[in-house]
Amino acid sequence: MTYIFYITIVLLSLGMIFSIIRFIKGPTAGDRTLALDTMTTLMVAGLVLLSAVFNRFIYVDVALIYGVLGFIGVIVIARYLEGAL
Amino acid sequence: MSIYEIIGGILILIGAVFLFLGGLGIYRMPDVYNRLQAGTKATTLGAMSLILGVGVVKMEDSWTWIVKMAIIIIFIAFSNPISSHALARAMYHRKRYPYIKGDAKDMDAYREVAGKDDPSDTSPDEGENI
Amino acid sequence: MNYLLFIIGFLLLVLIGTAVYAVRQRDLLYAVIATGVISLALTALFLVLQAPDVALTEAAIGVALTTIIFIITIRNTVRYEDEKDKK
């Protein structure tokens with residue numbers, strides 16, 4: 001179980017590094033917003049995994065809040081880019 | 001190792017691989033629509049599989065984990081396509097043309113579906129390329 | 001305890017790099033998106049450092065409220081810091 005956790009943490013870090021590279025060099029605002037969206041989903045999975053490793057049931061609430069509220073910022077930025085805000 | 005740990009470990013590894021592929025697709029794909037496909041679909045499946053795997057691993061201790069994991073999975077399944085759709089719609093209204101080999105910059109089919117002659121009418125700052 | 005050091009170091013690198021990017025950026029919309037990334041890394045850092053209540057507050061405020069207020073501010077004022085930054 002420990003090795004599975006190590007492999008998962010390394011893979012999540014690599015995915016987040018690729019998203020940060022796209023966030024820094026992305027040519028338009030849509031690419032950067034998309035990188036933020038992908039990093040939000042990656043971070044929800046990472047928070048659930050960390051709460052399982054720490055073995056605390058109350059830590060899952062942070063991931064739940066992120067899953068509920070994480071898309072509001074992306075929708076607001078997208079509506080601004082569309083010009084309809 | 002119990003049977004819960006084996007099944008949950010396999011689910012967690014599948015989810016981790018799909019999340020990594022989503023991040024790689026964000027980096028590798030040529031334009032913003034392809035990046036939307038890679039960054040939303042693969043990431044949604046990976047997050048669902050990983051969270052379900054954590055719930056299955058914790059199932060032999062208590063049954064309260066899997067209920068909260070199901071709530072998180074339902075919220076991810078609702079919120080991820082909504083944000084992806086809003087982003088693709090915004091990029092379409094700002095005339096982001098998709099990447100086609102051979103320099104074919106035309107989106108006539110989409111333009112007819114949207115019901116407008118010029119999609120850049122509602123853009124807040126026209127003529128600006130970012 | 002080695003993996004905790006790895007996670008904390010990675011999150012700190014993301015935090016500092018994104019903060020420098022947000023300060024030096026001339027386009028204010030990109031700085032607002034960078035603020036979202038800062039809030040993301042800060043929440044995970046608070047959770048790793050055993051403070052779940054602070055992480056909960058940071059997640060609720062930093063994701064939704066800050067982004068909405070800054071976007072409405074940019075909508076009502078200007079997007080670029082200087083007029084010659086407009087490409």
# chains A, B, ... in the order shown; residues from 1 in each chain; ligands from 1
call {"tool": "interface_residues", "arguments": {"of": "chain C", "to": "chain A", "cutoff": "9 Å", "atoms": "only C-alpha atoms", "output": "PDB file with N, CA and C atoms, in the first residue's frame"}}
result
ATOM      1  N   TYR C   3       8.172  11.470   2.509  1.00  0.00           N
ATOM      2  CA  TYR C   3       7.247  11.925   1.480  1.00  0.00           C
ATOM      3  C   TYR C   3       6.605  13.254   1.867  1.00  0.00           C
ATOM      4  N   ILE C   7       6.350  16.600  -0.467  1.00  0.00           N
ATOM      5  CA  ILE C   7       5.098  17.305  -0.798  1.00  0.00           C
ATOM      6  C   ILE C   7       5.183  18.771  -0.401  1.00  0.00           C
ATOM      7  N   PHE C  10       7.512  20.669  -2.812  1.00  0.00           N
ATOM      8  CA  PHE C  10       6.874  20.876  -4.117  1.00  0.00           C
ATOM      9  C   PHE C  10       5.825  21.981  -4.051  1.00  0.00           C
ATOM     10  N   VAL C  14       5.766  25.679  -6.023  1.00  0.00           N
ATOM     11  CA  VAL C  14       4.633  26.143  -6.830  1.00  0.00           C
ATOM     12  C   VAL C  14       4.137  27.490  -6.331  1.00  0.00           C
ATOM     13  N   THR C  18       4.453  30.898  -8.609  1.00  0.00           N
ATOM     14  CA  THR C  18       3.226  31.529  -9.091  1.00  0.00           C
ATOM     15  C   THR C  18       3.051  32.934  -8.526  1.00  0.00           C
ATOM     16  N   TYR C  21       5.198  35.197 -10.568  1.00  0.00           N
ATOM     17  CA  TYR C  21       4.546  35.385 -11.873  1.00  0.00           C
ATOM     18  C   TYR C  21       3.385  36.378 -11.764  1.00  0.00           C
ATOM     19  N   LEU C  29      -5.694  40.146 -15.878  1.00  0.00           N
ATOM     20  CA  LEU C  29      -6.507  38.923 -15.897  1.00  0.00           C
ATOM     21  C   LEU C  29      -5.636  37.695 -15.626  1.00  0.00           C
ATOM     22  N   TYR C  30      -4.409  37.673 -16.184  1.00  0.00           N
ATOM     23  CA  TYR C  30      -3.504  36.559 -15.924  1.00  0.00           C
ATOM     24  C   TYR C  30      -3.087  36.540 -14.459  1.00  0.00           C
ATOM     25  N   ILE C  33      -5.861  34.822 -12.525  1.00  0.00           N
ATOM     26  CA  ILE C  33      -5.815  33.362 -12.669  1.00  0.00           C
ATOM     27  C   ILE C  33      -4.676  32.786 -11.827  1.00  0.00           C
ATOM     28  N   ALA C  34      -3.545  33.505 -11.785  1.00  0.00           N
ATOM     29  CA  ALA C  34      -2.432  33.058 -10.943  1.00  0.00           C
ATOM     30  C   ALA C  34      -2.804  33.086  -9.467  1.00  0.00           C
ATOM     31  N   GLY C  36      -5.701  32.262  -8.318  1.00  0.00           N
ATOM     32  CA  GLY C  36      -6.402  30.989  -8.111  1.00  0.00           C
ATOM     33  C   GLY C  36      -5.442  29.843  -7.875  1.00  0.00           C
ATOM     34  N   VAL C  37      -4.344  29.816  -8.630  1.00  0.00           N
ATOM     35  CA  VAL C  37      -3.347  28.751  -8.441  1.00  0.00           C
ATOM     36  C   VAL C  37      -2.678  28.873  -7.076  1.00  0.00           C
ATOM     37  N   LEU C  40      -4.937  27.425  -4.536  1.00  0.00           N
ATOM     38  CA  LEU C  40      -4.919  25.956  -4.639  1.00  0.00           C
ATOM     39  C   LEU C  40      -3.753  25.360  -3.860  1.00  0.00           C
ATOM     40  N   ALA C  41      -2.550  25.877  -4.116  1.00  0.00           N
ATOM     41  CA  ALA C  41      -1.368  25.330  -3.443  1.00  0.00           C
ATOM     42  C   ALA C  41      -1.401  25.619  -1.945  1.00  0.00           C
ATOM     43  N   THR C  43      -4.052  25.851   0.004  1.00  0.00           N
ATOM     44  CA  THR C  43      -4.981  24.944   0.673  1.00  0.00           C
ATOM     45  C   THR C  43      -4.335  23.596   0.957  1.00  0.00           C
ATOM     46  N   ALA C  44      -3.643  23.036  -0.048  1.00  0.00           N
ATOM     47  CA  ALA C  44      -2.980  21.748   0.158  1.00  0.00           C
ATOM     48  C   ALA C  44      -1.865  21.858   1.195  1.00  0.00           C
ATOM     49  N   LEU C  47      -3.390  21.805   4.600  1.00  0.00           N
ATOM     50  CA  LEU C  47      -3.849  20.466   4.971  1.00  0.00           C
ATOM     51  C   LEU C  47      -2.687  19.584   5.372  1.00  0.00           C
ATOM     52  N   VAL C  48      -1.563  19.695   4.669  1.00  0.00           N
ATOM     53  CA  VAL C  48      -0.402  18.876   5.008  1.00  0.00           C
ATOM     54  C   VAL C  48       0.167  19.295   6.362  1.00  0.00           C
ATOM     55  N   PRO C  52      -6.767  21.746   9.278  1.00  0.00           N
ATOM     56  CA  PRO C  52      -7.866  21.587   8.302  1.00  0.00           C
ATOM     57  C   PRO C  52      -8.890  22.708   8.341  1.00  0.00           C
ATOM     58  N   ASP C  53      -9.033  23.405   9.495  1.00  0.00           N
ATOM     59  CA  ASP C  53     -10.018  24.478   9.536  1.00  0.00           C
ATOM     60  C   ASP C  53      -9.562  25.689   8.717  1.00  0.00           C
ATOM     61  N   ALA C  55      -7.552  25.460   6.191  1.00  0.00           N
ATOM     62  CA  ALA C  55      -7.644  25.010   4.799  1.00  0.00           C
ATOM     63  C   ALA C  55      -9.069  25.117   4.279  1.00  0.00           C
ATOM     64  N   LEU C  56     -10.029  24.817   5.150  1.00  0.00           N
ATOM     65  CA  LEU C  56     -11.441  24.914   4.743  1.00  0.00           C
ATOM     66  C   LEU C  56     -11.827  26.358   4.434  1.00  0.00           C
ATOM     67  N   THR C  57     -11.390  27.291   5.290  1.00  0.00           N
ATOM     68  CA  THR C  57     -11.699  28.703   5.063  1.00  0.00           C
ATOM     69  C   THR C  57     -11.011  29.221   3.805  1.00  0.00           C
ATOM     70  N   ALA C  59     -10.127  27.490   1.212  1.00  0.00           N
ATOM     71  CA  ALA C  59     -10.765  26.917   0.022  1.00  0.00           C
ATOM     72  C   ALA C  59     -12.057  27.627  -0.303  1.00  0.00           C
ATOM     73  N   ALA C  60     -12.837  27.973   0.715  1.00  0.00           N
ATOM     74  CA  ALA C  60     -14.133  28.608   0.452  1.00  0.00           C
ATOM     75  C   ALA C  60     -13.951  30.032  -0.042  1.00  0.00           C
ATOM     76  N   VAL C  63     -11.120  30.381  -3.577  1.00  0.00           N
ATOM     77  CA  VAL C  63     -11.522  29.900  -4.888  1.00  0.00           C
ATOM     78  C   VAL C  63     -12.619  30.772  -5.467  1.00  0.00           C
ATOM     79  N   ALA C  64     -13.696  30.949  -4.738  1.00  0.00           N
ATOM     80  CA  ALA C  64     -14.870  31.587  -5.319  1.00  0.00           C
ATOM     81  C   ALA C  64     -14.863  33.098  -5.137  1.00  0.00           C
ATOM     82  N   LEU C  65     -14.738  33.550  -3.883  1.00  0.00           N
ATOM     83  CA  LEU C  65     -15.024  34.951  -3.580  1.00  0.00           C
ATOM     84  C   LEU C  65     -13.979  35.901  -4.166  1.00  0.00           C
ATOM     85  N   THR C  66     -12.687  35.553  -4.006  1.00  0.00           N
ATOM     86  CA  THR C  66     -11.622  36.433  -4.488  1.00  0.00           C
ATOM     87  C   THR C  66     -11.667  36.574  -6.003  1.00  0.00           C
ATOM     88  N   THR C  67     -11.874  35.446  -6.699  1.00  0.00           N
ATOM     89  CA  THR C  67     -11.905  35.488  -8.162  1.00  0.00           C
ATOM     90  C   THR C  67     -13.071  36.328  -8.662  1.00  0.00           C
ATOM     91  N   ILE C  68     -14.246  36.151  -8.043  1.00  0.00           N
ATOM     92  CA  ILE C  68     -15.424  36.894  -8.508  1.00  0.00           C
ATOM     93  C   ILE C  68     -15.235  38.393  -8.298  1.00  0.00           C
ATOM     94  N   ILE C  71     -12.616  39.757 -10.796  1.00  0.00           N
ATOM     95  CA  ILE C  71     -13.108  39.813 -12.171  1.00  0.00           C
ATOM     96  C   ILE C  71     -14.100  40.955 -12.349  1.00  0.00           C
ATOM     97  N   ILE C  72     -14.951  41.184 -11.344  1.00  0.00           N
ATOM     98  CA  ILE C  72     -15.897  42.307 -11.454  1.00  0.00           C
ATOM     99  C   ILE C  72     -15.148  43.636 -11.434  1.00  0.00           C
ATOM    100  N   ARG C  75     -13.671  44.079 -14.848  1.00  0.00           N
ATOM    101  CA  ARG C  75     -14.732  44.413 -15.808  1.00  0.00           C
ATOM    102  C   ARG C  75     -15.089  45.895 -15.710  1.00  0.00           C
TER     103      ARG C  75
END
call {"tool": "interface_residues", "arguments": {"of": "chain B", "to": "chain A", "cutoff": "8 Å", "atoms": "only C-alpha atoms", "output": "PyMOL selection string"}}
result
chain B and resi 5+9+12-13+16-17+19-24+26-27+32+35-36+39-40+43-44+47+50-51+54+58+65+68+71-72+75-76+79-80+82-83+86-87+89-91+93-94+122-124+130
call {"tool": "write_last_selection", "arguments": {"atoms": "C-alpha atoms", "output": "compact mmCIF listing (two decimals), in the first residue's frame"}}
result
# COMPACT_ATOMS: atom_id res chain seq x y z
CA GLU B 5 -6.62 -3.30 -0.48
CA GLY B 9 -4.92 -0.29 -5.07
CA ILE B 12 -5.95 4.05 -7.41
CA LEU B 13 -3.20 3.16 -9.90
CA ALA B 16 -3.19 8.05 -11.17
CA VAL B 17 -2.22 6.99 -14.69
CA LEU B 19 -4.53 11.94 -14.19
CA PHE B 20 -0.94 11.92 -15.43
CA LEU B 21 -2.14 11.45 -19.01
CA GLY B 22 -4.49 14.41 -18.57
CA GLY B 23 -1.59 16.60 -17.50
CA LEU B 24 0.53 15.36 -20.39
CA ILE B 26 -2.50 19.65 -21.47
CA TYR B 27 1.16 20.08 -22.34
CA VAL B 32 -7.27 25.01 -26.98
CA ARG B 35 -6.48 20.64 -24.68
CA LEU B 36 -10.07 20.82 -23.44
CA GLY B 39 -7.79 18.05 -19.72
CA THR B 40 -11.43 17.38 -18.96
CA THR B 43 -9.00 14.02 -15.65
CA THR B 44 -12.64 13.33 -14.78
CA ALA B 47 -10.33 11.52 -10.35
CA LEU B 50 -8.89 7.35 -7.63
CA ILE B 51 -11.56 8.56 -5.20
CA VAL B 54 -9.69 5.28 -1.69
CA LYS B 58 -11.11 2.32 3.64
CA TRP B 65 -15.84 6.77 3.88
CA LYS B 68 -18.61 10.81 1.31
CA ILE B 71 -20.84 12.60 -2.81
CA ILE B 72 -17.50 13.91 -4.12
CA PHE B 75 -20.14 16.69 -7.59
CA ILE B 76 -17.14 16.12 -9.87
CA SER B 79 -19.12 20.41 -12.16
CA ASN B 80 -16.36 19.33 -14.55
CA ILE B 82 -20.09 22.56 -16.84
CA SER B 83 -16.79 24.42 -16.57
CA ALA B 86 -18.36 27.37 -20.46
CA LEU B 87 -14.69 27.60 -21.42
CA ARG B 89 -18.15 28.50 -25.48
CA ALA B 90 -16.06 31.50 -24.44
CA MET B 91 -13.23 30.47 -26.73
CA HIS B 93 -17.17 33.47 -29.09
CA ARG B 94 -13.69 34.99 -29.19
CA THR B 122 -20.17 40.07 -28.20
CA SER B 123 -16.44 40.24 -27.53
CA PRO B 124 -15.63 42.97 -24.98
CA ILE B 130 -5.12 37.43 -26.62
call {"tool": "closest_residue", "arguments": {"among": "C:Glu81, C:Leu11, C:Ala22, C:Asp27", "to": "chain B", "atoms": "only C-alpha atoms"}}
result
C:Asp27
call {"tool": "select_by_dssp", "arguments": {"residues": "chain C", "states": "alpha helix (DSSP H)", "output": "PyMOL selection string"}}
result
chain C and resi 2-24+28-48+52-60+66-76
call {"tool": "closest_residue", "arguments": {"among": "C:Ile61, C:Leu15, C:Val78, C:Val20", "to": "Leu45 (chain C)", "atoms": "only C-alpha atoms"}}
result
C:Leu15
call {"tool": "atom_distance", "arguments": {"atom1": "CA of Tyr4 (chain B)", "atom2": "CA of Thr2 (chain A)"}}
result
14.8 Å
call {"tool": "residues_around", "arguments": {"residues": "Ile7 (chain B)", "least_positions_apart": "4", "cutoff": "10 Å", "atoms": "only C-alpha atoms", "output": "PDB file with C-alpha atoms, in the first residue's frame"}}
result
ATOM      1  CA  SER B   2      -6.943  -8.091   2.159  1.00  0.00           C
ATOM      2  CA  ILE B   3      -9.128  -8.156  -0.905  1.00  0.00           C
ATOM      3  CA  LEU B  11      -8.321   1.457  -8.889  1.00  0.00           C
ATOM      4  CA  ILE B  12      -5.946   4.052  -7.412  1.00  0.00           C
ATOM      5  CA  GLY B  53     -10.328   3.368  -4.923  1.00  0.00           C
ATOM      6  CA  VAL B  54      -9.690   5.278  -1.688  1.00  0.00           C
ATOM      7  CA  VAL B  56     -12.819   0.819  -1.325  1.00  0.00           C
ATOM      8  CA  VAL B  57      -9.525   0.677   0.600  1.00  0.00           C
TER       9      VAL B  57
END
call {"tool": "atom_distance", "arguments": {"atom1": "CA of Gly15 (chain B)", "atom2": "CA of Phe78 (chain B)"}}
result
18.4 Å
